[in-house]
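Enquirer: Got a structure for you, written out below as structure tokens; questions coming shortly.
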Amino acid sequence: MAHKYSLTDDQVPRHWYNIAADLPSMPPPPLHPGTGQPLGPDDLAPLFPMALIGQEVSAERMIPIPDPVRDVLAMWRPTPLYRADKLEAALGTDCRIFYKYEGVSPAGSHKPNTAIPQAWYNQQEGVTRIATETGAGQWGSALSFAGAQFGLEIKVYQVRASYDAKPYRRAMIETWGGEVVASPSPDTNAGRAILETDPGCPGSLGIAISEAVEDAATRDDTKYALGSVLNHVLMHQTVIGQEAQEQLRALDAYPDVVVGCVGGGSNFAGIAFPFLADKIAGRDIRVVAAEPAACPTLTRGHYGYDFGDTAQLTPLLPMHTLGHGFIPAPIHSGGLRYHGAAPLVSHLLNLGLIEAVAYPQRECFAEAVRFARTEGIIPAPEPTHAIRAVIAEVERAKEEGVVKTILFNLCGHGNFDLTAYDAYFAGTMEDIELPEAELDEAAKALEGMPAIA
Ligand SMILES: *Cc1c(COP(=O)(O)O)cnc(C)c1O
């Protein structure tokens, strides 16, 4: 039985898939934070190049990938699809488990799939510097890699908890030529304000976004880039699912269940959206989003308008959110510590086209260790949640007395996250209780937000 299914360089997808073209209804529009009116292209122009703003609102179903972008993607794409036959054997299941492996990119995650086009479109429009935030450092390192490819200066605001816990990502950012500071930082008004009241603040993605947006909005040579959440970012990731479809077609296989972990929603979108096109067209599949119990945006959040950041600088986005002031516990999945979920992913959940589950981190790592001992690859902390959800699907299939084909996205390797495995083996990794009262308190930030029509 084959274990690995590869495509050739000329099979790197030529288009991105824009799910907006197929949705039965559109998500509500983002709103201007000052006026409460739907956002226009001019509102976003200080932050993003026009080409990306165009993609953000596009209704075109397939958007061509420019050749210079495809050339760089081909450094590691197409990524392999693996049959997890050794894991299947260890589980004693007849279910077929496949995973798409995004850890083969230079940065070790799916993030370069969007960092490369974002850097390229900026460079095409004369931008010379990009400011951004990063959690665990995957996005900061991916953008730094992209900056090196296209000659752009990169400034990264990294969440303090991760900056301290993951020094090697910092080194990667610097190796590719980017500059990185711990957030909250003394470099911005937003950062200074927080440091004044809470000098030991562990930071959050919301705070780091505030800093990066402020940086970009106050400098002429600088724009902002986001590693997740926005429509164009999710769309750039659809090369993952398109390749997986091609690889599975060659095997005459099709998944009954597609699984991805969700922080902002981009790697999930990448694997799931091309399959959701089939589901919207009538195909009977389930699509499962897996999130951490310590930051349960989709399973316990409120659906409504909220700011993307803590300092309330961003537009209001319609999303499942815990409230923009929610600071998640410093779990090891830095990339899943975001208070909201992408508007498109939130909307798909409301439409019943996807399901969401949440797991505490220890049982996720237990399954990740089993995965590493069978399949070899050490998963990043984030996709351990997807692996936990896959195990739940295998158990469910057994209970139902059926055999299923399951596909998940192994969105990154854990080679720079070994402190998390250290904590797991030392028994110091904690599961975070998140009482309803704490969520209610955080949700107060949502009072007075515009209602969704
Ligand atoms: C950033 C990151 C995530 C979380 O972001 P999404 O937009 O939800 O994909 C998950 N896994 C890895 C490996 C990441 O780098």
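Naming works like this for the structure tokens: A, B, ... for the chains as they're shown, residue 1 at the start of each chain, ligands 1 onward in shown order.
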Please identify the alpha helix (DSSP H) residues within segment 144-276 of chain A (assignment by DSSP from backbone atoms) and present them as number ranges by chain.
Expert: A: 144-150, 160-165, 167-175, 189-197, 205-217, 231-236, 239-250, 266-276
Enquirer: Show me which residues are within 7 Å of ligand 1 counting only C-alpha atoms and all ligand atoms, and format the list as a list of chain:residue names.
Expert: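 I would give the residues around ligand 1 as A:Ser109, A:His110, A:Lys111, A:Gln138, A:Trp139, A:Gly227, A:Ser228, A:Val229, A:Cys261, A:Val262, A:Gly263, A:Gly264, A:Gly265, A:Ser266, A:Asn267, A:Phe268, A:Gly335, A:Leu336, A:Ala380, A:Glu382, A:Pro383, A:Cys411, A:Gly412, A:His413.
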Enquirer: Okay, now the selection with N, CA, C and O atoms, as an mmCIF file, in the first residue's frame?
Expert:
```cif
data_model
loop_
_atom_site.group_PDB
_atom_site.id
_atom_site.type_symbol
_atom_site.label_atom_id
_atom_site.label_comp_id
_atom_site.auth_asym_id
_atom_site.auth_seq_id
_atom_site.Cartn_x
_atom_site.Cartn_y
_atom_site.Cartn_z
ATOM 1 N N SER A 109 4.909 25.600 8.142
ATOM 2 C CA SER A 109 3.451 25.622 8.295
ATOM 3 C C SER A 109 2.808 26.035 6.973
ATOM 4 O O SER A 109 3.496 26.281 5.984
ATOM 5 N N HIS A 110 1.456 26.133 6.998
ATOM 6 C CA HIS A 110 0.722 26.566 5.805
ATOM 7 C C HIS A 110 0.847 28.067 5.551
ATOM 8 O O HIS A 110 0.461 28.545 4.495
ATOM 9 N N LYS A 111 1.341 28.838 6.513
ATOM 10 C CA LYS A 111 1.297 30.302 6.442
ATOM 11 C C LYS A 111 1.951 30.902 5.178
ATOM 12 O O LYS A 111 1.454 31.903 4.651
ATOM 13 N N GLN A 138 4.624 31.547 13.725
ATOM 14 C CA GLN A 138 4.528 30.949 12.394
ATOM 15 C C GLN A 138 4.250 32.006 11.331
ATOM 16 O O GLN A 138 4.847 31.992 10.265
ATOM 17 N N TRP A 139 3.321 32.913 11.646
ATOM 18 C CA TRP A 139 2.980 33.930 10.646
ATOM 19 C C TRP A 139 4.135 34.914 10.473
ATOM 20 O O TRP A 139 4.513 35.267 9.359
ATOM 21 N N GLY A 227 -2.372 37.224 8.858
ATOM 22 C CA GLY A 227 -2.084 35.839 8.511
ATOM 23 C C GLY A 227 -3.295 34.933 8.498
ATOM 24 O O GLY A 227 -3.171 33.733 8.227
ATOM 25 N N SER A 228 -4.474 35.493 8.815
ATOM 26 C CA SER A 228 -5.672 34.657 8.897
ATOM 27 C C SER A 228 -6.902 35.551 8.806
ATOM 28 O O SER A 228 -6.787 36.738 8.478
ATOM 29 N N VAL A 229 -8.077 35.014 9.068
ATOM 30 C CA VAL A 229 -9.343 35.717 9.295
ATOM 31 C C VAL A 229 -9.974 36.365 8.055
ATOM 32 O O VAL A 229 -11.155 36.181 7.794
ATOM 33 N N CYS A 261 -7.978 22.291 12.131
ATOM 34 C CA CYS A 261 -8.034 23.075 13.370
ATOM 35 C C CYS A 261 -8.319 24.532 13.014
ATOM 36 O O CYS A 261 -8.002 24.982 11.914
ATOM 37 N N VAL A 262 -8.939 25.254 13.961
ATOM 38 C CA VAL A 262 -9.290 26.652 13.708
ATOM 39 C C VAL A 262 -8.724 27.577 14.779
ATOM 40 O O VAL A 262 -8.992 27.406 15.966
ATOM 41 N N GLY A 263 -7.900 28.526 14.329
ATOM 42 C CA GLY A 263 -7.511 29.652 15.161
ATOM 43 C C GLY A 263 -8.313 30.829 14.620
ATOM 44 O O GLY A 263 -9.385 31.163 15.106
ATOM 45 N N GLY A 264 -7.810 31.425 13.545
ATOM 46 C CA GLY A 264 -8.608 32.392 12.796
ATOM 47 C C GLY A 264 -9.441 31.701 11.731
ATOM 48 O O GLY A 264 -10.489 32.179 11.334
ATOM 49 N N GLY A 265 -8.947 30.565 11.235
ATOM 50 C CA GLY A 265 -9.717 29.783 10.275
ATOM 51 C C GLY A 265 -9.051 29.538 8.929
ATOM 52 O O GLY A 265 -9.657 28.938 8.043
ATOM 53 N N SER A 266 -7.772 29.961 8.750
ATOM 54 C CA SER A 266 -7.219 29.911 7.394
ATOM 55 C C SER A 266 -6.786 28.518 6.937
ATOM 56 O O SER A 266 -7.041 28.140 5.800
ATOM 57 N N ASN A 267 -6.134 27.741 7.813
ATOM 58 C CA ASN A 267 -5.729 26.408 7.329
ATOM 59 C C ASN A 267 -6.949 25.514 7.182
ATOM 60 O O ASN A 267 -7.013 24.666 6.284
ATOM 61 N N PHE A 268 -7.944 25.729 8.051
ATOM 62 C CA PHE A 268 -9.211 24.999 7.935
ATOM 63 C C PHE A 268 -9.877 25.328 6.596
ATOM 64 O O PHE A 268 -10.306 24.445 5.855
ATOM 65 N N GLY A 335 -1.075 29.688 18.011
ATOM 66 C CA GLY A 335 -1.812 30.076 16.815
ATOM 67 C C GLY A 335 -3.322 29.941 16.947
ATOM 68 O O GLY A 335 -4.055 30.401 16.087
ATOM 69 N N LEU A 336 -3.784 29.293 18.003
ATOM 70 C CA LEU A 336 -5.235 29.143 18.179
ATOM 71 C C LEU A 336 -5.766 30.102 19.244
ATOM 72 O O LEU A 336 -6.918 30.016 19.636
ATOM 73 N N ALA A 380 2.711 20.251 14.990
ATOM 74 C CA ALA A 380 2.661 21.521 15.720
ATOM 75 C C ALA A 380 1.536 21.423 16.746
ATOM 76 O O ALA A 380 0.607 20.623 16.592
ATOM 77 N N GLU A 382 -1.004 23.241 17.258
ATOM 78 C CA GLU A 382 -2.329 23.575 16.722
ATOM 79 C C GLU A 382 -3.012 22.358 16.094
ATOM 80 O O GLU A 382 -4.135 22.009 16.472
ATOM 81 N N PRO A 383 -2.376 21.663 15.137
ATOM 82 C CA PRO A 383 -3.072 20.527 14.515
ATOM 83 C C PRO A 383 -3.247 19.322 15.440
ATOM 84 O O PRO A 383 -3.912 18.363 15.040
ATOM 85 N N CYS A 411 -1.244 21.007 9.485
ATOM 86 C CA CYS A 411 -0.887 22.327 8.966
ATOM 87 C C CYS A 411 0.524 22.771 9.332
ATOM 88 O O CYS A 411 0.980 23.810 8.843
ATOM 89 N N GLY A 412 1.216 22.007 10.187
ATOM 90 C CA GLY A 412 2.595 22.382 10.487
ATOM 91 C C GLY A 412 3.268 21.340 11.351
ATOM 92 O O GLY A 412 2.595 20.537 11.999
ATOM 93 N N HIS A 413 4.606 21.368 11.348
ATOM 94 C CA HIS A 413 5.321 20.448 12.243
ATOM 95 C C HIS A 413 5.655 21.152 13.562
ATOM 96 O O HIS A 413 5.595 22.386 13.656
#
```
Enquirer: Could you list, as a list of chain:residue names, every residue within 7 Å of segment 436-453 of chain A, counting only C-alpha atoms and ignoring same-chain residues fewer than 3 positions away?
Expert: A:Gly304, A:Tyr305, A:Asp306, A:Leu322, A:Gly323, A:His324, A:Gly325, A:Phe326
Enquirer: Write out as a list in words each polymer residue whose atoms come within 12 Å of Asp71 of chain A, counting only C-alpha atoms; drop sequence neighbours fewer than 2 positions from it.
Expert: Asp9, Asp10, Gln11, Val12, Pro13, Arg14, Ile65, Pro66, Asp67, Pro68, Val69, Leu73, Ala74, Met75, Trp76, Arg77, Pro78, Asn113, Ile116, Pro117, Trp120 and Gln149 of chain A
Enquirer: Any chance you can output those residues with N, CA and C atoms as a compact mmCIF listing (two decimals), in the first residue's frame?
Expert:
```txt
# COMPACT_ATOMS: atom_id res chain seq x y z
N ASP A 9 5.61 19.64 -10.02
CA ASP A 9 5.62 21.10 -9.91
C ASP A 9 4.56 21.76 -10.79
N ASP A 10 4.34 21.19 -11.98
CA ASP A 10 3.37 21.85 -12.87
C ASP A 10 1.92 21.65 -12.39
N GLN A 11 1.75 20.86 -11.32
CA GLN A 11 0.41 20.67 -10.76
C GLN A 11 0.12 21.61 -9.58
N VAL A 12 1.04 22.55 -9.31
CA VAL A 12 0.69 23.62 -8.36
C VAL A 12 -0.54 24.32 -8.94
N PRO A 13 -1.61 24.48 -8.13
CA PRO A 13 -2.84 25.07 -8.67
C PRO A 13 -2.59 26.41 -9.37
N ARG A 14 -3.39 26.66 -10.42
CA ARG A 14 -3.24 27.91 -11.18
C ARG A 14 -4.23 28.97 -10.73
N ILE A 65 -3.62 32.69 -10.04
CA ILE A 65 -2.43 32.90 -9.21
C ILE A 65 -1.34 33.44 -10.14
N PRO A 66 -0.81 34.65 -9.86
CA PRO A 66 0.21 35.22 -10.76
C PRO A 66 1.44 34.30 -10.85
N ASP A 67 2.07 34.26 -12.02
CA ASP A 67 3.22 33.37 -12.23
C ASP A 67 4.35 33.55 -11.22
N PRO A 68 4.75 34.81 -10.88
CA PRO A 68 5.85 34.96 -9.91
C PRO A 68 5.48 34.37 -8.54
N VAL A 69 4.19 34.39 -8.19
CA VAL A 69 3.74 33.81 -6.92
C VAL A 69 3.80 32.28 -7.00
N LEU A 73 5.75 29.51 -4.71
CA LEU A 73 5.00 28.42 -4.08
C LEU A 73 5.59 27.06 -4.47
N ALA A 74 6.09 26.98 -5.71
CA ALA A 74 6.63 25.71 -6.22
C ALA A 74 7.94 25.32 -5.53
N MET A 75 8.49 26.21 -4.66
CA MET A 75 9.66 25.82 -3.86
C MET A 75 9.31 24.62 -2.97
N TRP A 76 8.06 24.54 -2.50
CA TRP A 76 7.66 23.40 -1.65
C TRP A 76 6.33 22.77 -2.05
N ARG A 77 5.56 23.44 -2.93
CA ARG A 77 4.30 22.87 -3.39
C ARG A 77 4.51 22.11 -4.69
N PRO A 78 3.62 21.20 -5.03
CA PRO A 78 2.51 20.69 -4.22
C PRO A 78 3.04 19.96 -2.98
N ASN A 113 1.69 30.07 2.25
CA ASN A 113 0.76 30.05 1.11
C ASN A 113 0.11 31.42 0.88
N ILE A 116 3.36 34.68 0.73
CA ILE A 116 4.00 34.93 -0.57
C ILE A 116 3.15 35.83 -1.45
N PRO A 117 1.87 35.50 -1.70
CA PRO A 117 1.08 36.44 -2.53
C PRO A 117 0.91 37.80 -1.87
N TRP A 120 4.02 39.77 -2.47
CA TRP A 120 4.16 40.10 -3.89
C TRP A 120 3.24 41.24 -4.31
N GLN A 149 12.02 37.03 -0.09
CA GLN A 149 11.85 36.65 -1.50
C GLN A 149 11.63 37.87 -2.39
```
Enquirer: Among segment 128-330 of chain A, which ones does DSSP place in strand (DSSP E or B), written as a ChimeraX atom specification?
Expert: /A:129-134,153-159,179-183,222-224,257-261,286-292,302-307,316-321
Enquirer: Of the candidates A:Arg373, A:Arg219, A:His332, A:His347, which shows the shortest atom-to-atom distance to Asp422 of chain A, using only C-alpha atoms?
Expert: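 For Asp422 of chain A, the nearest of the given residues is A:His332.
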Enquirer: Given only C-alpha atoms as the basis, pick out the residue of A:Glu133, A:Asp22, A:Glu56, A:Glu179 nearest to Val213 of chain A.
Expert: A:Glu133
Enquirer: Ranking A:His302, A:Arg286, A:His32, A:His3 by minimum distance to Ile406 of chain A and counting only C-alpha atoms, which one comes first?
Expert: A:Arg286
Enquirer: Any idea what's packed within 8 Å of Ala217 of chain A, counting only C-alpha atoms, ignoring anything in its chain fewer than 5 positions away? Could you give it as a ChimeraX atom specification?
Expert: /A:46-47,222-223
Enquirer: Can you tell me, as a ChimeraX atom specification, what residues are no more than 7 Å from Thr128 of chain A when counting only C-alpha atoms, ignoring any on the same chain fewer than 2 positions away?
Expert: /A:123,126,152-153,221-222
Enquirer: With a distance cut-off of 8 Å and only C-alpha atoms, select the neighbouring residues of segment 388-396 of chain A, excluding the residue or stretch itself and same-chain residues fewer than 4 positions from it, and output the selection as a JSON list (two decimals) with all heavy atoms, in the first residue's frame.
Expert:
```json
[["chain", "number", "residue", "atom", "x", "y", "z"],
["A", 93, "THR", "N", -8.39, 0.37, 13.16],
["A", 93, "THR", "CA", -9.60, 0.81, 12.44],
["A", 93, "THR", "C", -9.52, 0.46, 10.96],
["A", 93, "THR", "O", -8.43, 0.40, 10.39],
["A", 93, "THR", "CB", -9.82, 2.33, 12.60],
["A", 93, "THR", "OG1", -11.00, 2.69, 11.88],
["A", 93, "THR", "CG2", -8.64, 3.13, 12.05],
["A", 95, "CYS", "N", -11.20, 2.44, 8.98],
["A", 95, "CYS", "CA", -11.35, 3.76, 8.38],
["A", 95, "CYS", "C", -10.05, 4.13, 7.67],
["A", 95, "CYS", "O", -8.96, 3.75, 8.10],
["A", 95, "CYS", "CB", -11.63, 4.83, 9.44],
["A", 95, "CYS", "SG", -13.29, 4.75, 10.11],
["A", 259, "VAL", "N", -11.40, 17.48, 8.20],
["A", 259, "VAL", "CA", -11.14, 18.07, 9.52],
["A", 259, "VAL", "C", -9.98, 19.05, 9.44],
["A", 259, "VAL", "O", -8.96, 18.80, 8.79],
["A", 259, "VAL", "CB", -10.78, 16.95, 10.54],
["A", 259, "VAL", "CG1", -10.45, 17.56, 11.91],
["A", 259, "VAL", "CG2", -11.91, 15.93, 10.67],
["A", 288, "VAL", "N", -15.50, 19.37, 9.71],
["A", 288, "VAL", "CA", -15.40, 19.59, 11.15],
["A", 288, "VAL", "C", -14.25, 20.54, 11.48],
["A", 288, "VAL", "O", -13.11, 20.32, 11.07],
["A", 288, "VAL", "CB", -15.18, 18.25, 11.89],
["A", 288, "VAL", "CG1", -15.02, 18.49, 13.40],
["A", 288, "VAL", "CG2", -16.32, 17.28, 11.61],
["A", 290, "ALA", "N", -11.94, 22.08, 14.47],
["A", 290, "ALA", "CA", -11.51, 21.72, 15.83],
["A", 290, "ALA", "C", -10.78, 22.88, 16.48],
["A", 290, "ALA", "O", -9.83, 23.42, 15.91],
["A", 290, "ALA", "CB", -10.62, 20.48, 15.78],
["A", 357, "VAL", "N", -16.03, 21.54, 17.07],
["A", 357, "VAL", "CA", -15.79, 20.81, 18.32],
["A", 357, "VAL", "C", -14.62, 21.48, 19.04],
["A", 357, "VAL", "O", -13.80, 22.15, 18.41],
["A", 357, "VAL", "CB", -15.43, 19.32, 18.05],
["A", 357, "VAL", "CG1", -16.63, 18.54, 17.55],
["A", 357, "VAL", "CG2", -14.28, 19.20, 17.05],
["A", 359, "TYR", "N", -11.53, 20.83, 22.20],
["A", 359, "TYR", "CA", -10.84, 19.86, 23.06],
["A", 359, "TYR", "C", -9.80, 20.55, 23.93],
["A", 359, "TYR", "O", -9.11, 21.47, 23.47],
["A", 359, "TYR", "CB", -10.13, 18.80, 22.21],
["A", 359, "TYR", "CG", -11.06, 17.94, 21.40],
["A", 359, "TYR", "CD1", -11.19, 18.14, 20.02],
["A", 359, "TYR", "CD2", -11.84, 16.96, 22.00],
["A", 359, "TYR", "CE1", -12.06, 17.37, 19.27],
["A", 359, "TYR", "CE2", -12.71, 16.18, 21.25],
["A", 359, "TYR", "CZ", -12.82, 16.39, 19.88],
["A", 359, "TYR", "OH", -13.68, 15.64, 19.15],
["A", 363, "GLU", "N", -5.42, 16.01, 26.06],
["A", 363, "GLU", "CA", -5.84, 14.86, 25.25],
["A", 363, "GLU", "C", -5.42, 15.05, 23.78],
["A", 363, "GLU", "O", -5.21, 14.07, 23.06],
["A", 363, "GLU", "CB", -7.34, 14.59, 25.38],
["A", 363, "GLU", "CG", -8.24, 15.73, 25.04],
["A", 363, "GLU", "CD", -9.68, 15.47, 25.53],
["A", 363, "GLU", "OE1", -9.93, 15.49, 26.75],
["A", 363, "GLU", "OE2", -10.54, 15.23, 24.67],
["A", 364, "CYS", "N", -5.27, 16.29, 23.37],
["A", 364, "CYS", "CA", -4.77, 16.55, 22.01],
["A", 364, "CYS", "C", -3.31, 16.10, 21.89],
["A", 364, "CYS", "O", -2.92, 15.47, 20.90],
["A", 364, "CYS", "CB", -4.89, 18.03, 21.67],
["A", 364, "CYS", "SG", -6.60, 18.62, 21.63],
["A", 367, "GLU", "N", -2.86, 12.32, 21.69],
["A", 367, "GLU", "CA", -3.06, 11.79, 20.33],
["A", 367, "GLU", "C", -1.91, 12.20, 19.40],
["A", 367, "GLU", "O", -1.53, 11.44, 18.51],
["A", 367, "GLU", "CB", -4.40, 12.26, 19.76],
["A", 367, "GLU", "CG", -5.62, 11.75, 20.50],
["A", 367, "GLU", "CD", -5.65, 10.23, 20.65],
["A", 367, "GLU", "OE1", -4.95, 9.52, 19.90],
["A", 367, "GLU", "OE2", -6.39, 9.75, 21.53],
["A", 368, "ALA", "N", -1.35, 13.39, 19.64],
["A", 368, "ALA", "CA", -0.22, 13.83, 18.82],
["A", 368, "ALA", "C", 0.99, 12.93, 19.04],
["A", 368, "ALA", "O", 1.74, 12.63, 18.11],
["A", 368, "ALA", "CB", 0.13, 15.28, 19.13],
["A", 384, "THR", "N", -2.69, 19.36, 16.65],
["A", 384, "THR", "CA", -3.02, 18.26, 17.59],
["A", 384, "THR", "C", -4.54, 18.25, 17.83],
["A", 384, "THR", "O", -5.11, 17.20, 18.08],
["A", 384, "THR", "CB", -2.30, 18.41, 18.95],
["A", 384, "THR", "OG1", -2.77, 19.55, 19.65],
["A", 384, "THR", "CG2", -0.79, 18.48, 18.79],
["A", 400, "GLU", "N", -21.08, 3.68, 14.91],
["A", 400, "GLU", "CA", -22.12, 3.63, 13.87],
["A", 400, "GLU", "C", -21.98, 2.37, 13.01],
["A", 400, "GLU", "O", -22.82, 2.11, 12.15],
["A", 400, "GLU", "CB", -22.04, 4.88, 12.97],
["A", 400, "GLU", "CG", -22.42, 6.17, 13.69],
["A", 400, "GLU", "CD", -22.17, 7.42, 12.84],
["A", 400, "GLU", "OE1", -21.63, 7.30, 11.72],
["A", 400, "GLU", "OE2", -22.51, 8.52, 13.33],
["A", 404, "LYS", "N", -15.21, 4.85, 7.31],
["A", 404, "LYS", "CA", -15.19, 6.18, 6.70],
["A", 404, "LYS", "C", -13.83, 6.53, 6.13],
["A", 404, "LYS", "O", -12.81, 5.99, 6.57],
["A", 404, "LYS", "CB", -15.53, 7.25, 7.75],
["A", 404, "LYS", "CG", -16.99, 7.26, 8.14],
["A", 404, "LYS", "CD", -17.25, 8.42, 9.08],
["A", 404, "LYS", "CE", -18.66, 8.33, 9.62],
["A", 404, "LYS", "NZ", -18.86, 9.20, 10.78],
["A", 406, "ILE", "N", -11.42, 9.66, 6.06],
["A", 406, "ILE", "CA", -11.25, 10.91, 6.81],
["A", 406, "ILE", "C", -10.02, 11.64, 6.28],
["A", 406, "ILE", "O", -8.97, 11.04, 6.11],
["A", 406, "ILE", "CB", -11.08, 10.62, 8.31],
["A", 406, "ILE", "CG1", -12.27, 9.81, 8.84],
["A", 406, "ILE", "CG2", -10.91, 11.93, 9.10],
["A", 406, "ILE", "CD1", -12.04, 9.21, 10.23],
["A", 408, "PHE", "N", -7.58, 15.07, 6.97],
["A", 408, "PHE", "CA", -7.32, 16.26, 7.80],
["A", 408, "PHE", "C", -6.09, 17.00, 7.33],
["A", 408, "PHE", "O", -5.27, 16.48, 6.57],
["A", 408, "PHE", "CB", -7.26, 15.91, 9.29],
["A", 408, "PHE", "CG", -5.96, 15.28, 9.76],
["A", 408, "PHE", "CD1", -4.97, 16.07, 10.34],
["A", 408, "PHE", "CD2", -5.74, 13.92, 9.67],
["A", 408, "PHE", "CE1", -3.78, 15.51, 10.82],
["A", 408, "PHE", "CE2", -4.56, 13.34, 10.13],
["A", 408, "PHE", "CZ", -3.58, 14.14, 10.70]]
```
Enquirer: Could you state the separation of atom CA of Ala182 of chain A and atom CA of Asp198 of chain A in Å, given to one decimal place?
Expert: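 Separating atom CA of Ala182 of chain A from atom CA of Asp198 of chain A is a distance of 14.1 Å.
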Enquirer: Work out how far atom CA of Arg249 of chain A is from atom CA of Lys86 of chain A, in Å to one decimal.
Expert: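 Taking atom CA of Lys86 of chain A as the start and atom CA of Arg249 of chain A as the end point, the length is 21.9 Å.
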Enquirer: Measuring atom to atom with only C-alpha atoms, identify which of A:Ala146, A:Phe416, A:Tyr338, A:Ala21 is nearest to Ala171 of chain A.
Expert: A:Phe416
